[in-house]
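A.B. asks: entry.cif is reproduced in full below (mmCIF, C-alpha atoms).
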data_run
loop_
_atom_site.label_atom_id
_atom_site.label_comp_id
_atom_site.auth_asym_id
_atom_site.auth_seq_id
_atom_site.Cartn_x
_atom_site.Cartn_y
_atom_site.Cartn_z
CA MET A 21 15.62 24.60 -5.19
CA ASN A 22 14.30 25.51 -8.62
CA LEU A 23 10.81 24.06 -9.02
CA ASP A 24 10.93 24.72 -12.76
CA ASN A 25 13.03 21.55 -12.97
CA PHE A 26 10.10 19.60 -11.55
CA LYS A 27 7.12 20.22 -13.84
CA TRP A 28 5.17 16.99 -14.16
CA ASN A 29 1.75 18.24 -15.30
CA ASN A 30 1.50 15.24 -17.63
CA LYS A 31 2.35 12.72 -14.86
CA THR A 32 0.25 10.83 -12.32
CA ILE A 33 1.68 9.91 -8.91
CA LEU A 34 -0.04 7.41 -6.62
CA ILE A 35 0.70 8.03 -2.94
CA ALA A 36 0.06 4.96 -0.78
CA GLU A 37 0.01 6.38 2.74
CA ASP A 38 -2.34 5.60 5.63
CA GLU A 39 -1.38 8.61 7.77
CA ASP A 40 -3.34 11.72 6.78
CA SER A 41 -0.63 14.15 7.92
CA ASN A 42 2.06 12.31 5.92
CA PHE A 43 -0.13 12.32 2.81
CA ARG A 44 -0.87 16.05 3.22
CA PHE A 45 2.87 16.80 3.45
CA LEU A 46 3.64 14.80 0.27
CA GLU A 47 0.66 16.35 -1.50
CA MET A 48 1.83 19.86 -0.55
CA VAL A 49 5.31 19.22 -1.96
CA LEU A 50 4.07 17.49 -5.11
CA ASN A 51 1.27 19.97 -5.89
CA LYS A 52 3.98 22.45 -6.87
CA THR A 53 5.01 20.07 -9.67
CA LYS A 54 1.49 20.09 -11.19
CA ALA A 55 1.43 16.26 -11.18
CA THR A 56 -1.92 14.52 -10.75
CA ILE A 57 -2.05 12.97 -7.25
CA ILE A 58 -4.02 9.84 -6.33
CA TRP A 59 -4.28 8.73 -2.69
CA ALA A 60 -4.47 5.14 -1.51
CA LYS A 61 -4.99 4.75 2.25
CA ASP A 62 -3.93 1.09 2.48
CA GLY A 63 -1.98 -1.48 0.49
CA GLU A 64 -4.99 -3.17 -1.07
CA GLU A 65 -6.34 0.14 -2.31
CA ALA A 66 -2.87 0.94 -3.70
CA VAL A 67 -2.91 -2.29 -5.74
CA ASN A 68 -6.42 -1.57 -7.07
CA LEU A 69 -5.67 2.07 -7.95
CA ALA A 70 -2.37 1.12 -9.62
CA ILE A 71 -4.19 -1.38 -11.84
CA GLU A 72 -7.01 1.08 -12.56
CA HIS A 73 -4.90 4.20 -13.27
CA SER A 74 -1.42 2.93 -14.30
CA PRO A 75 0.31 5.87 -12.59
CA ASP A 76 3.73 7.08 -13.72
CA LEU A 77 5.14 6.54 -10.22
CA ILE A 78 4.07 5.19 -6.83
CA LEU A 79 5.23 6.43 -3.43
CA MET A 80 4.66 3.38 -1.22
CA ASP A 81 4.55 3.55 2.56
CA ILE A 82 5.83 0.22 3.88
CA LYS A 83 3.78 0.01 7.09
CA MET A 84 0.11 0.16 6.10
CA PRO A 85 -3.11 -1.60 7.09
CA VAL A 86 -4.87 -4.38 5.14
CA LEU A 87 -1.81 -5.11 2.97
CA ASP A 88 1.66 -3.81 3.83
CA GLY A 89 3.67 -1.86 1.29
CA LEU A 90 6.05 -4.71 0.48
CA GLU A 91 3.23 -7.10 -0.39
CA ALA A 92 1.38 -4.36 -2.31
CA THR A 93 4.59 -3.70 -4.28
CA ARG A 94 4.92 -7.38 -5.17
CA LYS A 95 1.31 -7.51 -6.41
CA ILE A 96 1.64 -4.30 -8.46
CA LYS A 97 4.90 -5.46 -10.05
CA GLU A 98 3.17 -8.69 -11.19
CA THR A 99 0.86 -6.73 -13.50
CA HIS A 100 2.74 -3.42 -13.94
CA PRO A 101 6.50 -4.11 -13.68
CA GLU A 102 7.24 -0.85 -15.52
CA ILE A 103 5.81 1.44 -12.81
CA PRO A 104 8.59 2.82 -10.58
CA ILE A 105 7.79 2.32 -6.90
CA ILE A 106 9.59 4.37 -4.24
CA ALA A 107 9.41 2.86 -0.76
CA GLN A 108 9.04 5.22 2.19
CA THR A 109 9.20 4.26 5.82
CA ALA A 110 9.61 5.81 9.23
CA PHE A 111 11.17 2.59 10.47
CA ALA A 112 14.54 3.07 8.84
CA MET A 113 16.14 -0.16 9.97
CA GLU A 114 19.25 -1.38 8.25
CA ASN A 115 17.47 -4.12 6.31
CA ASP A 116 14.38 -2.06 5.34
CA GLU A 117 16.04 -0.75 2.20
CA ARG A 118 17.19 -4.24 1.17
CA MET A 119 13.73 -5.72 1.85
CA SER A 120 12.08 -2.92 -0.13
CA LEU A 121 14.35 -3.42 -3.12
CA GLU A 122 13.90 -7.20 -2.95
CA ALA A 123 10.10 -6.72 -2.98
CA GLY A 124 10.46 -4.79 -6.24
CA CYS A 125 10.79 -1.17 -5.17
CA ASN A 126 13.00 0.92 -7.43
CA SER A 127 14.24 3.25 -4.70
CA TYR A 128 13.87 4.01 -1.00
CA LEU A 129 13.31 7.09 1.17
CA SER A 130 13.34 7.18 4.96
CA LYS A 131 11.04 9.50 6.88
CA PRO A 132 11.09 12.31 7.68
CA ILE A 133 11.31 13.00 3.96
CA LYS A 134 13.03 16.20 2.91
CA PRO A 135 11.25 17.94 -0.01
CA ALA A 136 14.43 18.50 -2.03
CA ILE A 137 15.46 14.86 -1.74
CA LEU A 138 11.95 13.68 -2.60
CA LEU A 139 11.88 15.79 -5.77
CA GLU A 140 15.38 14.73 -6.80
CA VAL A 141 14.59 11.02 -6.39
CA LEU A 142 11.29 11.33 -8.22
CA SER A 143 12.90 13.29 -11.04
CA THR A 144 15.17 10.35 -11.82
CA PHE A 145 12.01 8.37 -12.69
CA LEU A 146 9.82 11.19 -14.07
CA MET A 147 11.93 12.82 -16.73
CA ASN A 148 10.12 15.66 -18.46
CA ASP A 149 8.80 14.60 -21.84
#
Could you quickly redo this structure as structure tokens?
C.D. replies:
Amino acid sequence: MNLDNFKWNNKTILIAEDEDSNFRFLEMVLNKTKATIIWAKDGEEAVNLAIEHSPDLILMDIKMPVLDGLEATRKIKETHPEIPIIAQTAFAMENDERMSLEAGCNSYLSKPIKPAILLEVLSTFLMND
């Protein structure tokens, strides 16, 4: 995998993830891209940070405290419909992808997330300027 294809030093990615170890994994993979990373630990914080920072992309865990990822996605899309939101869930049930897309997510990843797949999916939304 050639990381030169994934240079996003002018991009901001909001990671909505309540599990520290999952966030650290995503952060480790995305740090190599030079993107700015913002961490929201629950759905409500994700909504607030999205409004405050207008990130270029959001990685949204579906199962989170306070406000789940689907409801957080709906709220973010009300004010920022242009921000791509990628759902991520460990509970890869058949209808999770459909529910995520219906809530407004632009794409869907099931955990465990493979770094190469993560970068490929994100690159479709974060084209280098």
A.B. asks: Kindly give the distance, in Å, that separates atom CA of A:Leu146 and atom CA of A:Lys31, rounded to a single decimal.
C.D. replies: 7.7 Å
A.B. asks: One decimal, Å: what's the distance from atom CA of A:His73 over to atom CA of A:Ile103, could you say?
C.D. replies: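 Computed distance, atom CA of A:His73 to atom CA of A:Ile103, equals 11.1 Å.
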A.B. asks: For this structure, which residues satisfy the selection - the PyMOL selection byres ((chain A and resi 64-67) around 6) - when it is evaluated on the file as given? I want them as a list in words.
C.D. replies: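 What the PyMOL selection byres ((chain A and resi 64-67) around 6) grabs from the file is Ala36, Ala60, Asp62, Gly63, Asn68, Leu69, Ala70, Leu87, Ala92 and Ile96 of chain A.
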A.B. asks: For stretch 40-50 of chain A, list every protein, DNA or RNA residue within 12 Å, evaluated using only C-alpha atoms, and leave out those in the same chain fewer than 5 positions away; present the list as a ChimeraX atom specification.
C.D. replies: /A:23,26-29,31-35,55-62,78-81,108-110,131-140,142-143
A.B. asks: Between A:Val86, A:Glu114, A:Leu77, A:Glu102, which is the closest to A:Val141 once you count all atoms listed in the file?
C.D. replies: A:Leu77
A.B. asks: Using all atoms listed in the file, pick whichever of A:Thr99, A:Asn30, A:Thr93, A:Thr144 has the shortest atom-to-atom distance to A:Met119.
C.D. replies: A:Thr93
A.B. asks: What residues come out when you apply the PyMOL selection byres ((chain A and resi 127) around 8) to this file, written as a list in words?
C.D. replies: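 For this structure, the PyMOL selection byres ((chain A and resi 127) around 8) resolves to Ile105, Ile106, Ala107, Ser120, Leu121, Cys125, Asn126, Tyr128, Leu129 and Val141 of chain A.
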